[in-house]
$ cat run_23.pdb   # PDB, N, CA and C atoms
ATOM      1  N   MET A   1     -45.839  87.687   2.892
ATOM      2  CA  MET A   1     -46.171  88.149   4.230
ATOM      3  C   MET A   1     -45.107  89.145   4.694
ATOM      4  N   GLN A   2     -45.543  90.250   5.234
ATOM      5  CA  GLN A   2     -44.634  91.300   5.675
ATOM      6  C   GLN A   2     -44.039  90.942   7.034
ATOM      7  N   GLN A   3     -42.716  91.154   7.155
ATOM      8  CA  GLN A   3     -42.019  90.862   8.404
ATOM      9  C   GLN A   3     -42.110  92.082   9.311
ATOM     10  N   THR A   4     -42.346  91.858  10.598
ATOM     11  CA  THR A   4     -42.402  92.940  11.575
ATOM     12  C   THR A   4     -41.149  92.880  12.434
ATOM     13  N   ILE A   5     -40.503  94.039  12.596
ATOM     14  CA  ILE A   5     -39.318  94.093  13.443
ATOM     15  C   ILE A   5     -39.513  95.167  14.506
ATOM     16  N   ASP A   6     -38.834  95.013  15.618
ATOM     17  CA  ASP A   6     -38.928  95.957  16.731
ATOM     18  C   ASP A   6     -37.847  97.015  16.574
ATOM     19  N   ILE A   7     -38.223  98.208  16.153
ATOM     20  CA  ILE A   7     -37.275  99.290  15.898
ATOM     21  C   ILE A   7     -36.598  99.760  17.196
ATOM     22  N   ASN A   8     -37.250  99.574  18.345
ATOM     23  CA  ASN A   8     -36.670  99.980  19.627
ATOM     24  C   ASN A   8     -35.394  99.214  19.937
ATOM     25  N   LEU A   9     -35.261  98.041  19.349
ATOM     26  CA  LEU A   9     -34.054  97.246  19.591
ATOM     27  C   LEU A   9     -32.808  97.913  19.031
ATOM     28  N   LEU A  10     -32.994  98.821  18.088
ATOM     29  CA  LEU A  10     -31.841  99.511  17.507
ATOM     30  C   LEU A  10     -31.035 100.213  18.590
ATOM     31  N   LYS A  11     -31.730 100.779  19.562
ATOM     32  CA  LYS A  11     -31.048 101.441  20.685
ATOM     33  C   LYS A  11     -30.723 100.450  21.807
ATOM     34  N   GLU A  12     -31.654  99.597  22.105
ATOM     35  CA  GLU A  12     -31.526  98.706  23.256
ATOM     36  C   GLU A  12     -30.555  97.558  23.023
ATOM     37  N   ASN A  13     -30.642  96.949  21.851
ATOM     38  CA  ASN A  13     -29.818  95.782  21.543
ATOM     39  C   ASN A  13     -29.583  95.724  20.034
ATOM     40  N   PRO A  14     -28.617  96.544  19.550
ATOM     41  CA  PRO A  14     -28.397  96.614  18.101
ATOM     42  C   PRO A  14     -28.112  95.268  17.450
ATOM     43  N   GLN A  15     -27.385  94.406  18.147
ATOM     44  CA  GLN A  15     -27.058  93.103  17.565
ATOM     45  C   GLN A  15     -28.334  92.305  17.287
ATOM     46  N   LEU A  16     -29.265  92.335  18.228
ATOM     47  CA  LEU A  16     -30.536  91.631  18.039
ATOM     48  C   LEU A  16     -31.349  92.290  16.930
ATOM     49  N   PHE A  17     -31.325  93.623  16.893
ATOM     50  CA  PHE A  17     -32.050  94.334  15.839
ATOM     51  C   PHE A  17     -31.560  93.896  14.464
ATOM     52  N   PHE A  18     -30.236  93.932  14.257
ATOM     53  CA  PHE A  18     -29.698  93.590  12.950
ATOM     54  C   PHE A  18     -29.885  92.114  12.620
ATOM     55  N   SER A  19     -29.982  91.272  13.639
ATOM     56  CA  SER A  19     -30.185  89.843  13.370
ATOM     57  C   SER A  19     -31.574  89.578  12.780
ATOM     58  N   GLN A  20     -32.501  90.522  12.947
ATOM     59  CA  GLN A  20     -33.854  90.375  12.399
ATOM     60  C   GLN A  20     -33.924  90.721  10.912
ATOM     61  N   LEU A  21     -32.904  91.395  10.421
ATOM     62  CA  LEU A  21     -32.940  91.926   9.065
ATOM     63  C   LEU A  21     -32.336  90.975   8.042
ATOM     64  N   PRO A  22     -32.823  91.041   6.814
ATOM     65  CA  PRO A  22     -32.132  90.331   5.741
ATOM     66  C   PRO A  22     -30.756  90.956   5.542
ATOM     67  N   LYS A  23     -29.798  90.199   5.082
ATOM     68  CA  LYS A  23     -28.417  90.662   4.911
ATOM     69  C   LYS A  23     -28.355  91.937   4.073
ATOM     70  N   LYS A  24     -29.109  91.995   3.006
ATOM     71  CA  LYS A  24     -29.091  93.164   2.110
ATOM     72  C   LYS A  24     -29.551  94.419   2.855
ATOM     73  N   ALA A  25     -30.558  94.303   3.697
ATOM     74  CA  ALA A  25     -31.060  95.451   4.458
ATOM     75  C   ALA A  25     -29.988  95.948   5.429
ATOM     76  N   GLU A  26     -29.277  95.024   6.059
ATOM     77  CA  GLU A  26     -28.199  95.399   6.980
ATOM     78  C   GLU A  26     -27.111  96.171   6.226
ATOM     79  N   GLU A  27     -26.772  95.710   5.032
ATOM     80  CA  GLU A  27     -25.757  96.386   4.218
ATOM     81  C   GLU A  27     -26.224  97.788   3.829
ATOM     82  N   GLU A  28     -27.488  97.929   3.459
ATOM     83  CA  GLU A  28     -28.018  99.233   3.049
ATOM     84  C   GLU A  28     -28.054 100.205   4.222
ATOM     85  N   ILE A  29     -28.396  99.708   5.408
ATOM     86  CA  ILE A  29     -28.395 100.572   6.599
ATOM     87  C   ILE A  29     -26.977 101.028   6.904
ATOM     88  N   SER A  30     -26.025 100.141   6.791
ATOM     89  CA  SER A  30     -24.629 100.513   7.032
ATOM     90  C   SER A  30     -24.165 101.577   6.037
ATOM     91  N   GLU A  31     -24.495 101.396   4.763
ATOM     92  CA  GLU A  31     -24.139 102.381   3.747
ATOM     93  C   GLU A  31     -24.779 103.731   4.063
ATOM     94  N   PHE A  32     -26.038 103.715   4.489
ATOM     95  CA  PHE A  32     -26.739 104.949   4.827
ATOM     96  C   PHE A  32     -26.070 105.649   6.011
ATOM     97  N   LEU A  33     -25.687 104.882   7.024
ATOM     98  CA  LEU A  33     -25.026 105.471   8.190
ATOM     99  C   LEU A  33     -23.688 106.099   7.803
ATOM    100  N   TYR A  34     -22.926 105.422   6.945
ATOM    101  CA  TYR A  34     -21.665 106.002   6.475
ATOM    102  C   TYR A  34     -21.917 107.306   5.717
ATOM    103  N   TYR A  35     -22.997 107.334   4.932
ATOM    104  CA  TYR A  35     -23.353 108.551   4.197
ATOM    105  C   TYR A  35     -23.661 109.689   5.172
ATOM    106  N   ILE A  36     -24.452 109.428   6.195
ATOM    107  CA  ILE A  36     -24.813 110.449   7.183
ATOM    108  C   ILE A  36     -23.562 110.945   7.907
ATOM    109  N   ILE A  37     -22.687 110.031   8.287
ATOM    110  CA  ILE A  37     -21.439 110.406   8.973
ATOM    111  C   ILE A  37     -20.611 111.332   8.086
ATOM    112  N   TYR A  38     -20.513 110.980   6.796
ATOM    113  CA  TYR A  38     -19.741 111.795   5.850
ATOM    114  C   TYR A  38     -20.416 113.143   5.613
ATOM    115  N   LYS A  39     -21.719 113.125   5.354
ATOM    116  CA  LYS A  39     -22.464 114.337   5.000
ATOM    117  C   LYS A  39     -22.373 115.390   6.105
ATOM    118  N   TYR A  40     -22.479 114.973   7.339
ATOM    119  CA  TYR A  40     -22.485 115.915   8.450
ATOM    120  C   TYR A  40     -21.130 116.010   9.145
ATOM    121  N   ASN A  41     -20.104 115.452   8.503
ATOM    122  CA  ASN A  41     -18.729 115.521   9.018
ATOM    123  C   ASN A  41     -18.669 115.107  10.498
ATOM    124  N   LEU A  42     -19.257 113.984  10.797
ATOM    125  CA  LEU A  42     -19.297 113.478  12.163
ATOM    126  C   LEU A  42     -18.094 112.589  12.432
ATOM    127  N   SER A  43     -17.677 112.553  13.664
ATOM    128  CA  SER A  43     -16.640 111.587  14.031
ATOM    129  C   SER A  43     -17.332 110.419  14.714
ATOM    130  N   VAL A  44     -16.743 109.279  14.593
ATOM    131  CA  VAL A  44     -17.329 108.073  15.152
ATOM    132  C   VAL A  44     -16.526 107.667  16.367
ATOM    133  N   GLU A  45     -17.201 107.524  17.485
ATOM    134  CA  GLU A  45     -16.539 107.067  18.700
ATOM    135  C   GLU A  45     -16.799 105.584  18.850
ATOM    136  N   LEU A  46     -15.722 104.831  18.819
ATOM    137  CA  LEU A  46     -15.850 103.389  18.962
ATOM    138  C   LEU A  46     -15.765 103.013  20.434
ATOM    139  N   PRO A  47     -16.547 102.053  20.864
ATOM    140  CA  PRO A  47     -16.460 101.630  22.262
ATOM    141  C   PRO A  47     -15.078 101.053  22.555
ATOM    142  N   ASN A  48     -14.669 101.144  23.789
ATOM    143  CA  ASN A  48     -13.367 100.611  24.204
ATOM    144  C   ASN A  48     -13.486  99.095  24.282
ATOM    145  N   VAL A  49     -13.217  98.466  23.162
ATOM    146  CA  VAL A  49     -13.356  97.019  23.053
ATOM    147  C   VAL A  49     -11.979  96.418  22.815
ATOM    148  N   ASN A  50     -11.689  95.341  23.524
ATOM    149  CA  ASN A  50     -10.434  94.643  23.280
ATOM    150  C   ASN A  50     -10.603  93.770  22.056
ATOM    151  N   ASN A  51      -9.900  94.134  21.016
ATOM    152  CA  ASN A  51      -9.945  93.335  19.786
ATOM    153  C   ASN A  51      -8.913  92.230  19.886
ATOM    154  N   ASN A  52      -9.374  91.018  20.136
ATOM    155  CA  ASN A  52      -8.462  89.891  20.223
ATOM    156  C   ASN A  52      -7.973  89.532  18.829
ATOM    157  N   VAL A  53      -6.657  89.446  18.696
ATOM    158  CA  VAL A  53      -6.064  89.117  17.403
ATOM    159  C   VAL A  53      -5.497  87.701  17.373
ATOM    160  N   GLY A  54      -5.475  87.046  18.518
ATOM    161  CA  GLY A  54      -4.940  85.689  18.578
ATOM    162  C   GLY A  54      -4.794  85.241  20.013
ATOM    163  N   TYR A  55      -4.008  84.204  20.188
ATOM    164  CA  TYR A  55      -3.793  83.628  21.506
ATOM    165  C   TYR A  55      -2.303  83.388  21.707
ATOM    166  N   ASN A  56      -1.857  83.507  22.954
ATOM    167  CA  ASN A  56      -0.442  83.264  23.243
ATOM    168  C   ASN A  56      -0.207  81.776  23.463
ATOM    169  N   ALA A  57       1.019  81.423  23.784
ATOM    170  CA  ALA A  57       1.387  80.011  23.954
ATOM    171  C   ALA A  57       0.629  79.354  25.110
ATOM    172  N   LYS A  58       0.145  80.151  26.049
ATOM    173  CA  LYS A  58      -0.609  79.614  27.191
ATOM    174  C   LYS A  58      -2.106  79.551  26.916
ATOM    175  N   GLY A  59      -2.512  79.939  25.704
ATOM    176  CA  GLY A  59      -3.926  79.880  25.338
ATOM    177  C   GLY A  59      -4.727  81.089  25.761
ATOM    178  N   LEU A  60      -4.066  82.147  26.242
ATOM    179  CA  LEU A  60      -4.768  83.353  26.664
ATOM    180  C   LEU A  60      -4.917  84.306  25.481
ATOM    181  N   ALA A  61      -6.043  85.008  25.434
ATOM    182  CA  ALA A  61      -6.301  85.937  24.340
ATOM    183  C   ALA A  61      -5.286  87.073  24.349
ATOM    184  N   VAL A  62      -4.874  87.479  23.162
ATOM    185  CA  VAL A  62      -3.957  88.608  22.994
ATOM    186  C   VAL A  62      -4.720  89.695  22.250
ATOM    187  N   THR A  63      -4.774  90.896  22.847
ATOM    188  CA  THR A  63      -5.476  92.001  22.201
ATOM    189  C   THR A  63      -4.568  92.678  21.185
ATOM    190  N   GLU A  64      -5.167  93.454  20.325
ATOM    191  CA  GLU A  64      -4.414  94.177  19.301
ATOM    192  C   GLU A  64      -3.370  95.088  19.942
ATOM    193  N   SER A  65      -3.759  95.809  20.999
ATOM    194  CA  SER A  65      -2.818  96.733  21.643
ATOM    195  C   SER A  65      -1.676  95.979  22.326
ATOM    196  N   GLU A  66      -1.954  94.822  22.920
ATOM    197  CA  GLU A  66      -0.896  94.015  23.536
ATOM    198  C   GLU A  66       0.076  93.499  22.475
ATOM    199  N   TYR A  67      -0.472  93.073  21.342
ATOM    200  CA  TYR A  67       0.348  92.549  20.251
ATOM    201  C   TYR A  67       1.290  93.634  19.728
ATOM    202  N   ILE A  68       0.751  94.817  19.509
ATOM    203  CA  ILE A  68       1.558  95.937  19.011
ATOM    204  C   ILE A  68       2.631  96.312  20.034
ATOM    205  N   LYS A  69       2.257  96.319  21.304
ATOM    206  CA  LYS A  69       3.222  96.634  22.374
ATOM    207  C   LYS A  69       4.362  95.613  22.361
ATOM    208  N   ASP A  70       4.032  94.334  22.241
ATOM    209  CA  ASP A  70       5.057  93.285  22.194
ATOM    210  C   ASP A  70       5.960  93.444  20.974
ATOM    211  N   LEU A  71       5.367  93.784  19.835
ATOM    212  CA  LEU A  71       6.177  94.004  18.627
ATOM    213  C   LEU A  71       7.125  95.182  18.807
ATOM    214  N   ASP A  72       6.634  96.251  19.458
ATOM    215  CA  ASP A  72       7.492  97.415  19.712
ATOM    216  C   ASP A  72       8.669  97.034  20.606
ATOM    217  N   ILE A  73       8.420  96.210  21.620
ATOM    218  CA  ILE A  73       9.485  95.760  22.529
ATOM    219  C   ILE A  73      10.506  94.924  21.766
ATOM    220  N   ILE A  74      10.019  93.998  20.947
ATOM    221  CA  ILE A  74      10.914  93.143  20.164
ATOM    222  C   ILE A  74      11.755  93.983  19.201
ATOM    223  N   ASN A  75      11.113  94.929  18.517
ATOM    224  CA  ASN A  75      11.855  95.791  17.586
ATOM    225  C   ASN A  75      12.921  96.606  18.305
ATOM    226  N   GLU A  76      12.599  97.069  19.499
ATOM    227  CA  GLU A  76      13.577  97.835  20.286
ATOM    228  C   GLU A  76      14.764  96.943  20.671
ATOM    229  N   GLU A  77      14.482  95.701  21.086
ATOM    230  CA  GLU A  77      15.556  94.766  21.442
ATOM    231  C   GLU A  77      16.422  94.430  20.223
ATOM    232  N   ILE A  78      15.781  94.273  19.068
ATOM    233  CA  ILE A  78      16.545  94.001  17.844
ATOM    234  C   ILE A  78      17.456  95.181  17.531
ATOM    235  N   ASN A  79      16.903  96.395  17.628
ATOM    236  CA  ASN A  79      17.697  97.593  17.346
ATOM    237  C   ASN A  79      18.871  97.752  18.311
ATOM    238  N   LYS A  80      18.680  97.356  19.576
ATOM    239  CA  LYS A  80      19.752  97.453  20.579
ATOM    240  C   LYS A  80      20.731  96.290  20.469
ATOM    241  N   GLY A  81      20.338  95.231  19.736
ATOM    242  CA  GLY A  81      21.189  94.056  19.629
ATOM    243  C   GLY A  81      21.071  93.117  20.809
ATOM    244  N   THR A  82      20.002  93.257  21.601
ATOM    245  CA  THR A  82      19.822  92.419  22.790
ATOM    246  C   THR A  82      18.743  91.344  22.616
ATOM    247  N   ALA A  83      18.141  91.276  21.446
ATOM    248  CA  ALA A  83      17.055  90.314  21.211
ATOM    249  C   ALA A  83      17.599  88.889  21.171
ATOM    250  N   LYS A  84      16.817  87.947  21.709
ATOM    251  CA  LYS A  84      17.155  86.532  21.627
ATOM    252  C   LYS A  84      16.447  85.982  20.410
ATOM    253  N   LEU A  85      17.201  85.723  19.361
ATOM    254  CA  LEU A  85      16.638  85.240  18.111
ATOM    255  C   LEU A  85      17.009  83.781  17.892
ATOM    256  N   PHE A  86      16.078  83.017  17.304
ATOM    257  CA  PHE A  86      16.284  81.595  17.066
ATOM    258  C   PHE A  86      15.931  81.271  15.627
ATOM    259  N   THR A  87      16.624  80.315  15.050
ATOM    260  CA  THR A  87      16.284  79.843  13.710
ATOM    261  C   THR A  87      15.085  78.909  13.816
ATOM    262  N   SER A  88      14.464  78.633  12.687
ATOM    263  CA  SER A  88      13.335  77.696  12.672
ATOM    264  C   SER A  88      13.750  76.333  13.199
ATOM    265  N   ASN A  89      14.947  75.869  12.818
ATOM    266  CA  ASN A  89      15.433  74.565  13.276
ATOM    267  C   ASN A  89      15.654  74.558  14.784
ATOM    268  N   GLU A  90      16.143  75.658  15.345
ATOM    269  CA  GLU A  90      16.343  75.729  16.795
ATOM    270  C   GLU A  90      15.005  75.664  17.533
ATOM    271  N   VAL A  91      14.008  76.349  17.002
ATOM    272  CA  VAL A  91      12.674  76.319  17.618
ATOM    273  C   VAL A  91      12.090  74.922  17.522
ATOM    274  N   ARG A  92      12.189  74.308  16.343
ATOM    275  CA  ARG A  92      11.675  72.948  16.128
ATOM    276  C   ARG A  92      12.334  71.967  17.097
ATOM    277  N   LYS A  93      13.671  72.049  17.237
ATOM    278  CA  LYS A  93      14.405  71.151  18.128
ATOM    279  C   LYS A  93      13.954  71.319  19.574
ATOM    280  N   LYS A  94      13.775  72.571  19.998
ATOM    281  CA  LYS A  94      13.339  72.848  21.373
ATOM    282  C   LYS A  94      11.960  72.228  21.635
ATOM    283  N   ILE A  95      11.056  72.380  20.690
ATOM    284  CA  ILE A  95       9.698  71.822  20.846
ATOM    285  C   ILE A  95       9.753  70.300  20.910
ATOM    286  N   ILE A  96      10.525  69.707  20.010
ATOM    287  CA  ILE A  96      10.652  68.240  19.979
ATOM    288  C   ILE A  96      11.277  67.727  21.264
ATOM    289  N   ASP A  97      12.361  68.369  21.721
ATOM    290  CA  ASP A  97      13.041  67.933  22.928
ATOM    291  C   ASP A  97      12.164  68.063  24.166
ATOM    292  N   GLU A  98      11.486  69.213  24.296
ATOM    293  CA  GLU A  98      10.671  69.461  25.496
ATOM    294  C   GLU A  98       9.436  68.580  25.571
ATOM    295  N   ASN A  99       8.996  68.079  24.441
ATOM    296  CA  ASN A  99       7.791  67.247  24.421
ATOM    297  C   ASN A  99       8.081  65.785  24.125
ATOM    298  N   ASN A 100       9.368  65.408  24.183
ATOM    299  CA  ASN A 100       9.757  64.025  23.942
ATOM    300  C   ASN A 100       9.121  63.438  22.695
ATOM    301  N   LEU A 101       9.234  64.164  21.589
ATOM    302  CA  LEU A 101       8.589  63.740  20.353
ATOM    303  C   LEU A 101       9.472  62.829  19.504
ATOM    304  N   VAL A 102      10.716  62.609  19.904
ATOM    305  CA  VAL A 102      11.568  61.731  19.128
ATOM    306  C   VAL A 102      12.074  60.616  20.025
TER     307      VAL A 102
END

$ encode --input "run_23.pdb" --output "structure tokens"
Amino acid sequence: MQQTIDINLLKENPQLFFSQLPKKAEEEISEFLYYIIYKYNLSVELPNVNNNVGYNAKGLAVTESEYIKDLDIINEEINKGTAKLFTSNEVRKKIIDENNLV
């Protein structure tokens, strides 16, 4: 039996459109799009999306740009000699002490 899909969803709701397709078809469409981009020397504009790379100690999402910014600050402090650095044992002791784990 032939599957029917709504091609209009490609513009309206791409995620829903691709969810209708078999995995192999999705891969082939992606390959075709990359070919078209290359063939016509097109640039791809990505939406301004916050790419969460993890969570901080308070459980809040950390975006890729925030993470890189924090790393740049830490590297600058290390280079200036003003960074507060701790050994693994010092961190472990602080966690144990603050949470009454012993």

$ select_by_dssp --input "run_23.pdb" --residues "chain A" --states "helix (DSSP H, G or I)" --output "PyMOL selection string"
chain A and resi 9-12+14-19+23-39+64-80+88-98

$ resolve_selection --input "run_23.pdb" --expression "the PyMOL selection byres ((chain A and resi 53) around 6)" --output "ChimeraX atom specification"
/A:51-52,54-55,62-64

$ write_last_selection --input "run_23.pdb" --atoms "N, CA and C atoms" --output "CSV table (one decimal), in the coordinates of the input"
chain,number,residue,atom,x,y,z
A,51,ASN,N,-9.9,94.1,21.0
A,51,ASN,CA,-9.9,93.3,19.8
A,51,ASN,C,-8.9,92.2,19.9
A,52,ASN,N,-9.4,91.0,20.1
A,52,ASN,CA,-8.5,89.9,20.2
A,52,ASN,C,-8.0,89.5,18.8
A,54,GLY,N,-5.5,87.0,18.5
A,54,GLY,CA,-4.9,85.7,18.6
A,54,GLY,C,-4.8,85.2,20.0
A,55,TYR,N,-4.0,84.2,20.2
A,55,TYR,CA,-3.8,83.6,21.5
A,55,TYR,C,-2.3,83.4,21.7
A,62,VAL,N,-4.9,87.5,23.2
A,62,VAL,CA,-4.0,88.6,23.0
A,62,VAL,C,-4.7,89.7,22.2
A,63,THR,N,-4.8,90.9,22.8
A,63,THR,CA,-5.5,92.0,22.2
A,63,THR,C,-4.6,92.7,21.2
A,64,GLU,N,-5.2,93.5,20.3
A,64,GLU,CA,-4.4,94.2,19.3
A,64,GLU,C,-3.4,95.1,19.9

$ atom_distance --input "run_23.pdb" --atom1 "atom C of Lys24 (chain A)" --atom2 "CA of Ile5 (chain A)"
14.4 Å
